[in-house]
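Colleague: One file: work_35.tsv (TSV, C-alpha atoms and all ligand atoms).
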```tsv
chain	number	residue	atom	x	y	z
Z	1	MET	CA	-11.26	-55.27	21.07
Z	2	GLN	CA	-9.14	-52.26	20.20
Z	3	LEU	CA	-6.44	-52.33	22.85
Z	4	PRO	CA	-5.84	-48.98	24.54
Z	5	LEU	CA	-2.17	-48.69	23.61
Z	6	ASN	CA	0.09	-45.77	24.42
Z	7	HIS	CA	-0.42	-42.95	21.88
Z	8	THR	CA	3.24	-42.02	21.54
Z	9	LEU	CA	4.13	-45.64	20.88
Z	10	ALA	CA	1.45	-45.91	18.22
Z	11	SER	CA	2.98	-42.96	16.37
Z	12	ILE	CA	6.48	-44.49	16.26
Z	13	PRO	CA	7.33	-46.62	13.21
Z	14	PRO	CA	8.89	-50.04	13.81
Z	15	SER	CA	12.68	-50.23	13.42
Z	16	GLY	CA	13.62	-50.04	9.73
Z	17	ILE	CA	16.44	-52.53	10.32
Z	18	ARG	CA	14.12	-55.09	11.87
Z	19	ARG	CA	11.48	-54.69	9.15
Z	20	PHE	CA	14.08	-55.30	6.49
Z	21	PHE	CA	15.46	-58.20	8.49
Z	22	GLU	CA	12.04	-59.87	8.35
Z	23	ILE	CA	12.08	-59.70	4.55
Z	24	VAL	CA	15.59	-61.19	4.58
Z	25	ALA	CA	14.50	-63.99	6.93
Z	26	GLU	CA	11.97	-65.19	4.33
Z	27	GLN	CA	14.74	-65.89	1.79
Z	28	SER	CA	17.29	-68.70	1.76
Z	29	ASP	CA	21.03	-68.64	0.85
Z	30	VAL	CA	21.29	-64.95	1.56
Z	31	ILE	CA	24.62	-63.35	2.48
Z	32	SER	CA	23.59	-60.83	5.07
Z	33	LEU	CA	25.53	-57.60	5.38
Z	34	SER	CA	22.57	-56.18	7.21
Z	35	ILE	CA	23.18	-56.65	10.90
Z	36	GLY	CA	25.42	-54.81	13.31
Z	37	GLU	CA	26.58	-57.90	15.11
Z	38	PRO	CA	30.17	-59.20	15.23
Z	39	ASP	CA	30.62	-62.53	13.46
Z	40	PHE	CA	33.45	-63.41	15.86
Z	41	ASP	CA	32.89	-65.81	18.74
Z	42	THR	CA	33.08	-64.27	22.19
Z	43	PRO	CA	36.70	-64.81	23.40
Z	44	TRP	CA	36.93	-68.25	25.01
Z	45	ASN	CA	38.28	-67.02	28.37
Z	46	VAL	CA	35.20	-64.77	28.66
Z	47	ARG	CA	32.87	-67.69	28.00
Z	48	GLU	CA	34.86	-69.79	30.47
Z	49	SER	CA	34.33	-67.14	33.14
Z	50	ALA	CA	30.58	-67.33	32.57
Z	51	ILE	CA	30.75	-71.12	32.86
Z	52	ALA	CA	32.81	-70.88	36.07
Z	53	ALA	CA	30.33	-68.37	37.51
Z	54	LEU	CA	27.50	-70.77	36.73
Z	55	GLU	CA	29.37	-73.69	38.30
Z	56	ASN	CA	30.11	-71.58	41.37
Z	57	GLY	CA	26.44	-70.83	41.78
Z	58	GLU	CA	26.64	-67.13	40.97
Z	59	THR	CA	23.06	-67.33	39.83
Z	60	HIS	CA	21.51	-64.75	42.11
Z	61	TYR	CA	20.60	-61.08	41.80
Z	62	SER	CA	23.58	-58.75	41.98
Z	63	GLY	CA	23.34	-55.29	43.52
Z	64	ASN	CA	21.15	-52.99	41.41
Z	65	ARG	CA	24.09	-51.00	40.08
Z	66	GLY	CA	26.07	-54.12	39.15
Z	67	THR	CA	28.72	-56.09	41.04
Z	68	SER	CA	31.45	-54.07	42.78
Z	69	GLU	CA	34.02	-56.16	40.96
Z	70	LEU	CA	32.70	-55.22	37.52
Z	71	ARG	CA	32.20	-51.55	38.37
Z	72	MET	CA	35.78	-51.34	39.68
Z	73	GLU	CA	37.03	-53.01	36.50
Z	74	ILE	CA	35.01	-50.56	34.32
Z	75	ALA	CA	36.48	-47.62	36.26
Z	76	ASN	CA	40.03	-49.00	35.77
Z	77	TYR	CA	39.39	-49.68	32.10
Z	78	PHE	CA	38.03	-46.23	31.34
Z	79	ALA	CA	40.88	-44.48	33.15
Z	80	ARG	CA	43.44	-46.69	31.40
Z	81	ARG	CA	42.01	-46.41	27.88
Z	82	PHE	CA	40.46	-42.93	27.79
Z	83	GLY	CA	42.05	-41.06	30.68
Z	84	VAL	CA	38.84	-40.28	32.60
Z	85	ARG	CA	38.38	-41.34	36.22
Z	86	PHE	CA	34.95	-42.35	37.55
Z	87	ASP	CA	34.07	-43.31	41.09
Z	88	TRP	CA	32.96	-46.95	40.83
Z	89	LYS	CA	30.59	-46.60	43.78
Z	90	GLU	CA	28.62	-43.56	42.65
Z	91	GLU	CA	29.32	-42.80	39.02
Z	92	ILE	CA	28.84	-46.17	37.32
Z	93	LEU	CA	25.68	-48.14	36.59
Z	94	VAL	CA	25.67	-51.52	34.82
Z	95	GLY	CA	22.60	-52.47	32.78
Z	96	ASN	CA	21.24	-54.77	30.10
Z	97	GLY	CA	23.13	-53.40	27.13
Z	98	ALA	CA	23.79	-49.86	25.96
Z	99	SER	CA	20.17	-49.97	24.78
Z	100	GLU	CA	18.71	-50.18	28.27
Z	101	ILE	CA	21.19	-47.58	29.50
Z	102	PHE	CA	20.15	-45.06	26.83
Z	103	ASP	CA	16.49	-45.63	27.74
Z	104	LEU	CA	17.25	-45.08	31.44
Z	105	VAL	CA	19.19	-41.89	30.77
Z	106	VAL	CA	16.53	-40.22	28.64
Z	107	ARG	CA	13.82	-41.22	31.10
Z	108	ALA	CA	15.90	-39.89	33.99
Z	109	VAL	CA	16.75	-36.59	32.28
Z	110	LEU	CA	13.74	-35.54	30.19
Z	111	ASN	CA	10.52	-33.80	31.11
Z	112	PRO	CA	7.58	-33.67	28.66
Z	113	GLY	CA	8.32	-31.25	25.84
Z	114	ASP	CA	12.10	-31.15	26.30
Z	115	GLU	CA	13.98	-31.12	23.03
Z	116	VAL	CA	17.01	-33.31	22.34
Z	117	ILE	CA	19.37	-32.58	19.47
Z	118	LEU	CA	20.88	-35.52	17.61
Z	119	PHE	CA	22.73	-36.15	14.39
Z	120	ALA	CA	21.20	-37.76	11.31
Z	121	PRO	CA	21.81	-40.33	10.03
Z	122	SER	CA	21.68	-42.02	13.40
Z	123	TYR	CA	21.32	-45.37	15.06
Z	124	VAL	CA	17.65	-46.36	15.19
Z	125	MET	CA	17.00	-46.42	18.95
Z	126	TYR	CA	17.62	-42.78	19.86
Z	127	ALA	CA	14.61	-40.92	18.45
Z	128	PRO	CA	11.95	-43.49	19.49
Z	129	LEU	CA	13.30	-43.74	23.05
Z	130	ILE	CA	13.51	-39.94	23.35
Z	131	GLN	CA	9.87	-39.73	22.24
Z	132	LEU	CA	8.76	-42.45	24.64
Z	133	ALA	CA	10.46	-40.50	27.44
Z	134	GLY	CA	8.29	-37.48	26.52
Z	135	GLY	CA	11.00	-35.62	24.61
Z	136	THR	CA	11.15	-34.30	21.06
Z	137	PRO	CA	14.06	-35.29	18.79
Z	138	VAL	CA	15.51	-32.40	16.79
Z	139	PHE	CA	17.89	-33.49	14.02
Z	140	VAL	CA	21.01	-31.82	12.69
Z	141	ARG	CA	23.34	-33.08	9.99
Z	142	LYS	CA	26.41	-30.98	10.82
Z	143	ILE	CA	28.04	-29.43	13.88
Z	144	SER	CA	27.49	-26.00	12.36
Z	145	GLU	CA	23.69	-26.53	12.53
Z	146	ILE	CA	23.55	-27.22	16.27
Z	147	GLN	CA	23.48	-23.62	17.48
Z	148	ARG	CA	20.61	-22.72	15.13
Z	149	LYS	CA	18.50	-25.64	16.37
Z	150	ILE	CA	18.86	-24.76	20.05
Z	151	SER	CA	15.66	-23.37	21.59
Z	152	GLN	CA	14.41	-22.59	25.09
Z	153	LYS	CA	13.31	-26.20	25.27
Z	154	THR	CA	16.63	-27.80	24.32
Z	155	LYS	CA	17.91	-29.93	27.14
Z	156	ALA	CA	20.41	-32.38	25.74
Z	157	LEU	CA	22.59	-33.32	22.81
Z	158	VAL	CA	23.11	-36.92	21.75
Z	159	LEU	CA	26.51	-37.87	20.33
Z	160	SER	CA	27.26	-41.28	18.89
Z	161	TYR	CA	30.73	-41.94	17.54
Z	162	PRO	CA	32.15	-43.82	15.73
Z	163	SER	CA	28.75	-43.79	14.06
Z	164	ASN	CA	26.27	-46.45	13.20
Z	165	PRO	CA	25.45	-46.25	10.19
Z	166	THR	CA	28.33	-44.25	8.65
Z	167	GLY	CA	31.41	-45.44	10.58
Z	168	GLU	CA	32.54	-41.83	10.76
Z	169	THR	CA	33.80	-40.32	13.97
Z	170	PHE	CA	34.47	-36.89	15.46
Z	171	SER	CA	38.02	-35.59	15.55
Z	172	LYS	CA	39.29	-33.91	18.71
Z	173	VAL	CA	38.88	-30.56	16.95
Z	174	ASP	CA	35.21	-31.38	16.20
Z	175	LEU	CA	34.63	-32.46	19.79
Z	176	LYS	CA	36.12	-29.24	21.12
Z	177	LYS	CA	33.79	-27.24	18.86
Z	178	ILE	CA	30.85	-29.23	20.20
Z	179	ALA	CA	32.03	-28.75	23.80
Z	180	LYS	CA	32.08	-24.99	23.28
Z	181	ILE	CA	28.45	-24.98	22.08
Z	182	VAL	CA	27.46	-27.30	24.93
Z	183	ALA	CA	29.02	-25.07	27.59
Z	184	LYS	CA	27.66	-21.84	26.08
Z	185	ASN	CA	24.10	-23.19	26.00
Z	186	ASN	CA	24.25	-25.18	29.22
Z	187	LEU	CA	23.35	-28.46	27.52
Z	188	PHE	CA	23.64	-31.99	28.84
Z	189	VAL	CA	25.40	-34.53	26.60
Z	190	ILE	CA	24.47	-38.16	26.15
Z	191	SER	CA	27.43	-39.78	24.41
Z	192	ASP	CA	27.10	-43.31	23.06
Z	193	GLU	CA	30.67	-44.50	22.64
Z	194	ILE	CA	30.03	-48.22	22.23
Z	195	TYR	CA	32.31	-48.40	19.15
Z	196	ALA	CA	35.20	-46.56	20.86
Z	197	GLU	CA	37.49	-49.63	20.70
Z	198	LEU	CA	36.75	-50.02	17.00
Z	199	SER	CA	38.59	-46.86	15.95
Z	200	TYR	CA	41.12	-47.73	13.29
Z	201	GLU	CA	43.64	-44.98	12.71
Z	202	VAL	CA	43.14	-42.33	15.39
Z	203	PRO	CA	42.56	-43.37	19.01
Z	204	HIS	CA	39.09	-42.53	20.34
Z	205	THR	CA	38.64	-39.39	22.43
Z	206	ALA	CA	35.98	-39.72	25.13
Z	207	PHE	CA	33.74	-36.65	25.25
Z	208	ALA	CA	33.95	-36.71	29.06
Z	209	SER	CA	37.74	-36.30	28.80
Z	210	LEU	CA	37.39	-32.74	27.46
Z	211	PRO	CA	37.81	-29.95	30.03
Z	212	LYS	CA	34.66	-29.36	32.14
Z	213	MET	CA	32.61	-31.88	30.11
Z	214	LYS	CA	32.64	-34.82	32.56
Z	215	GLU	CA	30.20	-33.03	34.87
Z	216	ARG	CA	27.64	-32.59	32.06
Z	217	THR	CA	28.05	-35.88	30.17
Z	218	ALA	CA	26.46	-39.30	30.37
Z	219	THR	CA	28.84	-41.72	28.64
Z	220	ILE	CA	27.24	-44.93	27.43
Z	221	SER	CA	29.16	-48.02	26.41
Z	222	GLY	CA	28.97	-51.79	26.51
Z	223	PHE	CA	30.44	-55.15	25.60
Z	224	SER	CA	28.41	-56.10	22.51
Z	225	LYS	CA	30.71	-54.82	19.80
Z	226	ALA	CA	34.45	-54.85	20.60
Z	227	TRP	CA	34.20	-58.00	22.77
Z	228	ALA	CA	31.66	-59.74	20.51
Z	229	MET	CA	29.28	-60.23	23.45
Z	230	THR	CA	25.90	-59.17	22.00
Z	231	GLY	CA	23.95	-62.00	23.63
Z	232	PHE	CA	25.38	-61.28	27.08
Z	233	ARG	CA	23.33	-58.05	27.05
Z	234	LEU	CA	25.65	-55.90	29.08
Z	235	GLY	CA	26.28	-52.17	28.95
Z	236	TYR	CA	27.08	-49.36	31.35
Z	237	LEU	CA	26.65	-45.73	32.20
Z	238	LEU	CA	29.42	-43.39	33.39
Z	239	ALA	CA	27.90	-40.16	34.67
Z	240	PRO	CA	27.65	-37.74	37.58
Z	241	ALA	CA	26.44	-39.43	40.78
Z	242	GLU	CA	23.08	-37.65	40.69
Z	243	LEU	CA	22.28	-39.08	37.28
Z	244	THR	CA	23.44	-42.63	37.97
Z	245	ALA	CA	21.26	-42.56	41.12
Z	246	ALA	CA	18.25	-41.33	39.12
Z	247	ALA	CA	18.79	-43.89	36.34
Z	248	ASN	CA	19.29	-46.62	38.94
Z	249	LYS	CA	15.91	-45.75	40.44
Z	250	ILE	CA	14.25	-46.73	37.14
Z	251	HIS	CA	16.61	-49.69	36.59
Z	252	GLN	CA	15.89	-51.14	40.05
Z	253	TYR	CA	12.16	-51.18	39.34
Z	254	SER	CA	12.18	-52.20	35.69
Z	255	ALA	CA	15.18	-54.56	35.46
Z	256	LEU	CA	16.41	-55.00	39.04
Z	257	CYS	CA	19.93	-55.81	37.89
Z	258	ALA	CA	21.93	-57.05	34.92
Z	259	ASN	CA	22.54	-60.76	34.39
Z	260	SER	CA	24.99	-62.05	37.03
Z	261	LEU	CA	26.74	-64.55	34.73
Z	262	SER	CA	27.27	-61.85	32.11
Z	263	GLN	CA	28.75	-59.56	34.73
Z	264	ALA	CA	31.28	-62.23	35.75
Z	265	ALA	CA	32.18	-62.71	32.07
Z	266	ALA	CA	32.59	-58.96	31.55
Z	267	VAL	CA	35.13	-58.72	34.40
Z	268	GLU	CA	37.30	-61.20	32.48
Z	269	ALA	CA	36.68	-59.28	29.23
Z	270	LEU	CA	38.10	-56.10	30.75
Z	271	ARG	CA	40.95	-57.81	32.59
Z	272	SER	CA	42.42	-60.07	29.94
Z	273	CYS	CA	41.11	-59.43	26.44
Z	274	ASP	CA	43.12	-56.48	25.14
Z	275	SER	CA	44.96	-58.65	22.62
Z	276	GLU	CA	41.74	-60.38	21.45
Z	277	VAL	CA	40.08	-57.01	20.96
Z	278	ALA	CA	43.12	-55.77	19.06
Z	279	LYS	CA	43.02	-58.85	16.80
Z	280	MET	CA	39.34	-58.31	15.98
Z	281	ARG	CA	39.96	-54.60	15.40
Z	282	GLU	CA	42.74	-55.41	12.92
Z	283	GLU	CA	40.52	-57.89	11.11
Z	284	TYR	CA	37.71	-55.31	10.82
Z	285	ARG	CA	40.22	-52.79	9.50
Z	286	LEU	CA	41.33	-55.20	6.76
Z	287	ARG	CA	37.71	-55.89	5.85
Z	288	ARG	CA	36.94	-52.18	5.75
Z	289	ASP	CA	39.87	-51.56	3.42
Z	290	PHE	CA	38.80	-54.42	1.16
Z	291	CYS	CA	35.13	-53.30	1.01
Z	292	VAL	CA	35.99	-49.64	0.42
Z	293	ARG	CA	38.32	-50.62	-2.44
Z	294	GLU	CA	35.75	-52.92	-4.05
Z	295	LEU	CA	32.82	-50.52	-3.70
Z	296	ASN	CA	34.79	-47.67	-5.25
Z	297	ARG	CA	35.93	-49.97	-8.06
Z	298	MET	CA	32.32	-50.81	-8.93
Z	299	GLY	CA	31.39	-47.12	-8.84
Z	300	LEU	CA	29.68	-46.92	-5.44
Z	301	LYS	CA	31.86	-44.10	-4.14
Z	302	VAL	CA	32.57	-44.23	-0.44
Z	303	GLY	CA	35.28	-42.75	1.79
Z	304	LYS	CA	37.25	-44.72	4.36
Z	305	PRO	CA	35.39	-44.31	7.65
Z	306	ALA	CA	37.37	-44.14	10.89
Z	307	GLY	CA	35.59	-46.79	12.93
Z	308	ALA	CA	32.72	-49.20	13.74
Z	309	PHE	CA	31.94	-51.79	11.02
Z	310	TYR	CA	29.66	-49.99	8.60
Z	311	LEU	CA	29.83	-48.29	5.21
Z	312	PHE	CA	27.11	-45.95	3.99
Z	313	PRO	CA	27.41	-45.39	0.22
Z	314	ASN	CA	25.07	-43.32	-1.94
Z	315	VAL	CA	23.71	-45.81	-4.47
Z	316	ARG	CA	21.51	-43.37	-6.42
Z	317	LYS	CA	24.48	-41.61	-8.06
Z	318	LYS	CA	25.72	-44.76	-9.77
Z	319	THR	CA	22.55	-46.80	-10.24
Z	320	GLY	CA	19.71	-44.26	-10.27
Z	321	MET	CA	17.95	-46.40	-7.65
Z	322	SER	CA	16.84	-45.35	-4.20
Z	323	GLY	CA	18.47	-47.21	-1.32
Z	324	GLU	CA	15.27	-49.13	-0.80
Z	325	GLU	CA	14.91	-50.21	-4.43
Z	326	PHE	CA	18.60	-51.14	-4.50
Z	327	ALA	CA	18.31	-53.21	-1.31
Z	328	LEU	CA	15.15	-55.03	-2.39
Z	329	LYS	CA	16.40	-55.81	-5.92
Z	330	LEU	CA	19.89	-56.82	-4.71
Z	331	LEU	CA	18.24	-59.21	-2.29
Z	332	LYS	CA	15.93	-60.67	-4.91
Z	333	LYS	CA	18.44	-60.97	-7.76
Z	334	GLU	CA	21.73	-61.68	-6.01
Z	335	LYS	CA	20.70	-62.71	-2.50
Z	336	VAL	CA	22.77	-60.12	-0.69
Z	337	ALA	CA	21.14	-58.15	2.12
Z	338	VAL	CA	21.98	-54.55	2.98
Z	339	VAL	CA	19.79	-52.02	4.84
Z	340	PRO	CA	18.11	-49.06	3.08
Z	341	GLY	CA	19.53	-45.76	4.37
Z	342	ASN	CA	16.14	-44.28	5.22
Z	343	ALA	CA	16.02	-46.58	8.28
Z	344	PHE	CA	18.60	-44.18	9.77
Z	345	GLY	CA	17.10	-40.92	8.53
Z	346	GLU	CA	15.17	-38.29	10.40
Z	347	GLU	CA	11.93	-40.26	10.21
Z	348	HIS	CA	13.55	-43.54	11.24
Z	349	ALA	CA	11.11	-45.23	8.92
Z	350	PHE	CA	11.72	-47.71	6.14
Z	351	ARG	CA	9.90	-45.41	3.76
Z	352	GLU	CA	10.50	-44.13	0.24
Z	353	GLY	CA	11.42	-40.44	0.20
Z	354	GLY	CA	12.62	-40.21	3.83
Z	355	GLY	CA	16.03	-38.76	4.74
Z	356	PHE	CA	19.01	-40.72	3.38
Z	357	SER	CA	16.83	-42.65	0.95
Z	358	ASP	CA	19.68	-42.55	-1.60
Z	359	PHE	CA	21.94	-44.59	0.68
Z	360	VAL	CA	22.35	-48.14	1.96
Z	361	ARG	CA	24.14	-49.38	5.05
Z	362	ILE	CA	26.60	-52.21	4.53
Z	363	SER	CA	27.89	-54.03	7.61
Z	364	TYR	CA	31.28	-55.70	7.29
Z	365	ALA	CA	30.94	-57.70	10.49
Z	366	THR	CA	31.11	-60.79	8.24
Z	367	ASN	CA	34.14	-62.92	7.37
Z	368	LEU	CA	36.31	-61.92	4.42
Z	369	LYS	CA	35.35	-64.94	2.30
Z	370	GLU	CA	31.65	-64.06	2.47
Z	371	LEU	CA	32.42	-60.38	1.93
Z	372	GLU	CA	34.32	-61.28	-1.25
Z	373	GLU	CA	31.40	-63.32	-2.53
Z	374	ALA	CA	28.85	-60.65	-1.53
Z	375	LEU	CA	30.77	-57.86	-3.24
Z	376	GLU	CA	31.22	-59.93	-6.40
Z	377	ARG	CA	27.46	-60.40	-6.51
Z	378	MET	CA	26.91	-56.71	-5.81
Z	379	GLU	CA	29.23	-55.74	-8.64
Z	380	ARG	CA	27.32	-58.00	-11.06
Z	381	PHE	CA	24.10	-56.36	-9.90
Z	382	VAL	CA	25.48	-52.82	-10.28
Z	383	GLN	CA	26.85	-53.56	-13.74
Z	384	LYS	CA	23.44	-54.80	-14.93
Z	385	SER	CA	21.54	-51.88	-13.43
C	1	LIG	C1	25.50	-47.00	18.31
C	1	LIG	C2	24.92	-48.18	19.01
C	1	LIG	N1	24.59	-48.05	20.32
C	1	LIG	C3	24.06	-49.09	20.99
C	1	LIG	C4	23.82	-50.30	20.38
C	1	LIG	C5	23.20	-51.41	21.18
C	1	LIG	O1	24.12	-51.97	22.04
C	1	LIG	P1	23.76	-53.09	23.13
C	1	LIG	O2	23.89	-54.42	22.45
C	1	LIG	O3	24.80	-52.90	24.19
C	1	LIG	O4	22.39	-52.82	23.63
C	1	LIG	C6	24.13	-50.47	19.02
C	1	LIG	C7	23.85	-51.75	18.35
C	1	LIG	O5	23.87	-51.89	17.14
C	1	LIG	C8	24.70	-49.39	18.33
C	1	LIG	O6	25.02	-49.49	17.04
```
Kindly present the structure from the file in structure tokens form.
Ligand SMILES: Cc1ncc(COP(=O)(O)O)c(C=O)c1O
Modeller:
Amino acid sequence: MQLPLNHTLASIPPSGIRRFFEIVAEQSDVISLSIGEPDFDTPWNVRESAIAALENGETHYSGNRGTSELRMEIANYFARRFGVRFDWKEEILVGNGASEIFDLVVRAVLNPGDEVILFAPSYVMYAPLIQLAGGTPVFVRKISEIQRKISQKTKALVLSYPSNPTGETFSKVDLKKIAKIVAKNNLFVISDEIYAELSYEVPHTAFASLPKMKERTATISGFSKAWAMTGFRLGYLLAPAELTAAANKIHQYSALCANSLSQAAAVEALRSCDSEVAKMREEYRLRRDFCVRELNRMGLKVGKPAGAFYLFPNVRKKTGMSGEEFALKLLKKEKVAVVPGNAFGEEHAFREGGGFSDFVRISYATNLKELEEALERMERFVQKS
């Protein structure tokens, strides 16, 4: 029987990262620089808090919006780190990762036919989730293109910085330029700032901290990256009360609440992990510097990005290969996995000829010893190509 699946879903390609990951999974002895997941263990005190919560029987549903304790801690954290105050009762919603939160926000905000502007290359979830919420993604590559792409139907702008896949971020000057366009055109901003803590030289500026932007911004963040807590599946929304209430309406029907043990662990993460986070950040910075130096030495020119744990070099210039050919051959010949850049392009498809098909994404969320070995292999591969 042909199952009557949703038409929009049928038109969306599967995640390019995941498809490549499946090819990688079929091989053995591969050094994977392909996933955006910290190699660090979750700080022990955070894991201990989850264990204590389990022992104390905190195994029940929490309130839909998350525990009061965690929401208060998130409010304190955001005010302390980024200088923006949110009311923990009405302006914060805890969910199952930044992923669920983004889905909730677009479903809460969009009506069929609304257009949403976002930057390419971009993280793979945005365009599909916008489409599933009835919206139309409209891509720009530079701030200067935003105004031209705004139409009667434009409702929101998605920001995501530091960026997955490039590691680049927006300076305060850039953000002010964006804020001006946003105010002039009465846009709503959805700002995914999950890599905020992984900003290496210049401290992160929250978009909501800019004058008059808090009232028109949904800030999304979570614990997966800086606290190495991917499996805890915990993220949050900071937004005007009307939006958190609307998003919570969906969340209470589709998820009910986030995992209670994870929420207890996250309280500890925010209270007592600043030094652990700083240690991981410093380690990522060293890895970034090492990888940038080695890639440039082998002729894959790449700048030093400001944050996250990704590099996005153009491989065509040096090797003549597309990102996809490079990734597949590198995997076969030297057993190193990277992700073809077209997974992050405008079509979000792992497809020859799509946007950013001359690039690959390299994740340095892998220990230095493996990075050294992987880059040695990559250099051998580049020299032979
Ligand atoms: C920019 C960005 N946002 C969100 C996520 C997903 O975060 P979470 O694990 O909280 O769902 C990722 C994961 O790679 C990401 O790179």
Colleague: Give me the chain Z side of the contact with ligand LIG 1 (chain C), cut-off 9 Å, one line per residue showing its nearest atom pair and distance in Å at one decimal, counting all atoms listed in the file, sorted by chain and residue number, as a Markdown table.
Modeller:
```
| residue | atom | partner | partner_atom | distance |
| --- | --- | --- | --- | --- |
| Z:Ile35 | CA | C:LIG1 | O5 | 7.9 |
| Z:Gly36 | CA | C:LIG1 | O5 | 5.1 |
| Z:Glu37 | CA | C:LIG1 | O5 | 6.9 |
| Z:Gly95 | CA | C:LIG1 | O3 | 8.9 |
| Z:Asn96 | CA | C:LIG1 | O4 | 6.9 |
| Z:Gly97 | CA | C:LIG1 | O3 | 3.4 |
| Z:Ala98 | CA | C:LIG1 | O3 | 3.7 |
| Z:Ser99 | CA | C:LIG1 | O4 | 3.8 |
| Z:Glu100 | CA | C:LIG1 | O4 | 6.5 |
| Z:Ile101 | CA | C:LIG1 | O4 | 8.0 |
| Z:Phe102 | CA | C:LIG1 | C3 | 8.1 |
| Z:Ser122 | CA | C:LIG1 | C1 | 8.0 |
| Z:Tyr123 | CA | C:LIG1 | C1 | 5.5 |
| Z:Val124 | CA | C:LIG1 | O6 | 8.2 |
| Z:Met125 | CA | C:LIG1 | C3 | 7.8 |
| Z:Tyr126 | CA | C:LIG1 | N1 | 8.8 |
| Z:Ser160 | CA | C:LIG1 | C1 | 6.0 |
| Z:Tyr161 | CA | C:LIG1 | C1 | 7.3 |
| Z:Pro162 | CA | C:LIG1 | C1 | 7.8 |
| Z:Ser163 | CA | C:LIG1 | C1 | 6.2 |
| Z:Asn164 | CA | C:LIG1 | O6 | 5.1 |
| Z:Pro165 | CA | C:LIG1 | O6 | 7.6 |
| Z:Asp192 | CA | C:LIG1 | N1 | 6.0 |
| Z:Glu193 | CA | C:LIG1 | C1 | 7.2 |
| Z:Ile194 | CA | C:LIG1 | N1 | 5.8 |
| Z:Tyr195 | CA | C:LIG1 | C1 | 7.0 |
| Z:Ile220 | CA | C:LIG1 | N1 | 8.2 |
| Z:Ser221 | CA | C:LIG1 | O3 | 6.9 |
| Z:Gly222 | CA | C:LIG1 | O3 | 4.9 |
| Z:Phe223 | CA | C:LIG1 | O3 | 6.2 |
| Z:Ser224 | CA | C:LIG1 | O2 | 4.8 |
| Z:Lys225 | CA | C:LIG1 | O2 | 7.3 |
| Z:Met229 | CA | C:LIG1 | O2 | 8.0 |
| Z:Thr230 | CA | C:LIG1 | O2 | 5.2 |
| Z:Gly231 | CA | C:LIG1 | O2 | 7.7 |
| Z:Phe232 | CA | C:LIG1 | O2 | 8.4 |
| Z:Arg233 | CA | C:LIG1 | O2 | 5.9 |
| Z:Leu234 | CA | C:LIG1 | O3 | 5.8 |
| Z:Gly235 | CA | C:LIG1 | O3 | 5.0 |
| Z:Tyr236 | CA | C:LIG1 | O3 | 8.3 |
| Z:Ala308 | CA | C:LIG1 | O6 | 8.4 |
```
Colleague: Contacts of Z:Lys384 at 12 Å or less, counting only C-alpha atoms, minus same-chain residues fewer than 2 places along, as a list in words?
Modeller: Met298, Lys318, Thr319, Lys329, Leu330, Lys333, Glu334, Arg377, Met378, Glu379, Arg380, Phe381 and Val382 of chain Z
Colleague: Excluding Z:Val360 and residues on its chain fewer than 6 positions from it, collect all residues at most 10 Å away from it, counting only C-alpha atoms, and give them as a PDB file with C-alpha atoms, in the frame of the given file.
Modeller:
```pdb
ATOM      1  CA  SER Z  34      22.570 -56.180   7.210  1.00  0.00           C
ATOM      2  CA  PRO Z 165      25.450 -46.250  10.190  1.00  0.00           C
ATOM      3  CA  THR Z 166      28.330 -44.250   8.650  1.00  0.00           C
ATOM      4  CA  LEU Z 311      29.830 -48.290   5.210  1.00  0.00           C
ATOM      5  CA  PHE Z 312      27.110 -45.950   3.990  1.00  0.00           C
ATOM      6  CA  PRO Z 313      27.410 -45.390   0.220  1.00  0.00           C
ATOM      7  CA  ASN Z 314      25.070 -43.320  -1.940  1.00  0.00           C
ATOM      8  CA  VAL Z 315      23.710 -45.810  -4.470  1.00  0.00           C
ATOM      9  CA  ARG Z 316      21.510 -43.370  -6.420  1.00  0.00           C
ATOM     10  CA  SER Z 322      16.840 -45.350  -4.200  1.00  0.00           C
ATOM     11  CA  GLY Z 323      18.470 -47.210  -1.320  1.00  0.00           C
ATOM     12  CA  GLU Z 324      15.270 -49.130  -0.800  1.00  0.00           C
ATOM     13  CA  PHE Z 326      18.600 -51.140  -4.500  1.00  0.00           C
ATOM     14  CA  ALA Z 327      18.310 -53.210  -1.310  1.00  0.00           C
ATOM     15  CA  VAL Z 338      21.980 -54.550   2.980  1.00  0.00           C
ATOM     16  CA  VAL Z 339      19.790 -52.020   4.840  1.00  0.00           C
ATOM     17  CA  PRO Z 340      18.110 -49.060   3.080  1.00  0.00           C
ATOM     18  CA  GLY Z 341      19.530 -45.760   4.370  1.00  0.00           C
ATOM     19  CA  ASN Z 342      16.140 -44.280   5.220  1.00  0.00           C
ATOM     20  CA  ALA Z 343      16.020 -46.580   8.280  1.00  0.00           C
ATOM     21  CA  PHE Z 344      18.600 -44.180   9.770  1.00  0.00           C
TER      22      PHE Z 344
END
```
Colleague: From the options Z:Phe170, Z:Trp44, Z:Phe139, Z:Tyr61, which residue's atoms come nearest to Z:Cys257, counting only C-alpha atoms?
Modeller: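 When distances to Z:Cys257 are compared using only C-alpha atoms, the smallest one comes from Z:Tyr61.
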Colleague: Give me, please, the distance in Å between atom CA of Z:Arg285 and atom CA of Z:Pro305, quoted to one decimal.
Modeller: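 Spanning atom CA of Z:Arg285 to atom CA of Z:Pro305 is a straight-line distance of 9.9 Å.
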Colleague: Choose the residue, out of Z:Ala266, Z:Ala120, Z:Ala52, Z:Leu159, that has the smallest atom-to-atom separation from Z:Val140; count only C-alpha atoms.
Modeller: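 Distance minimum relative to Z:Val140 lands on Z:Ala120.
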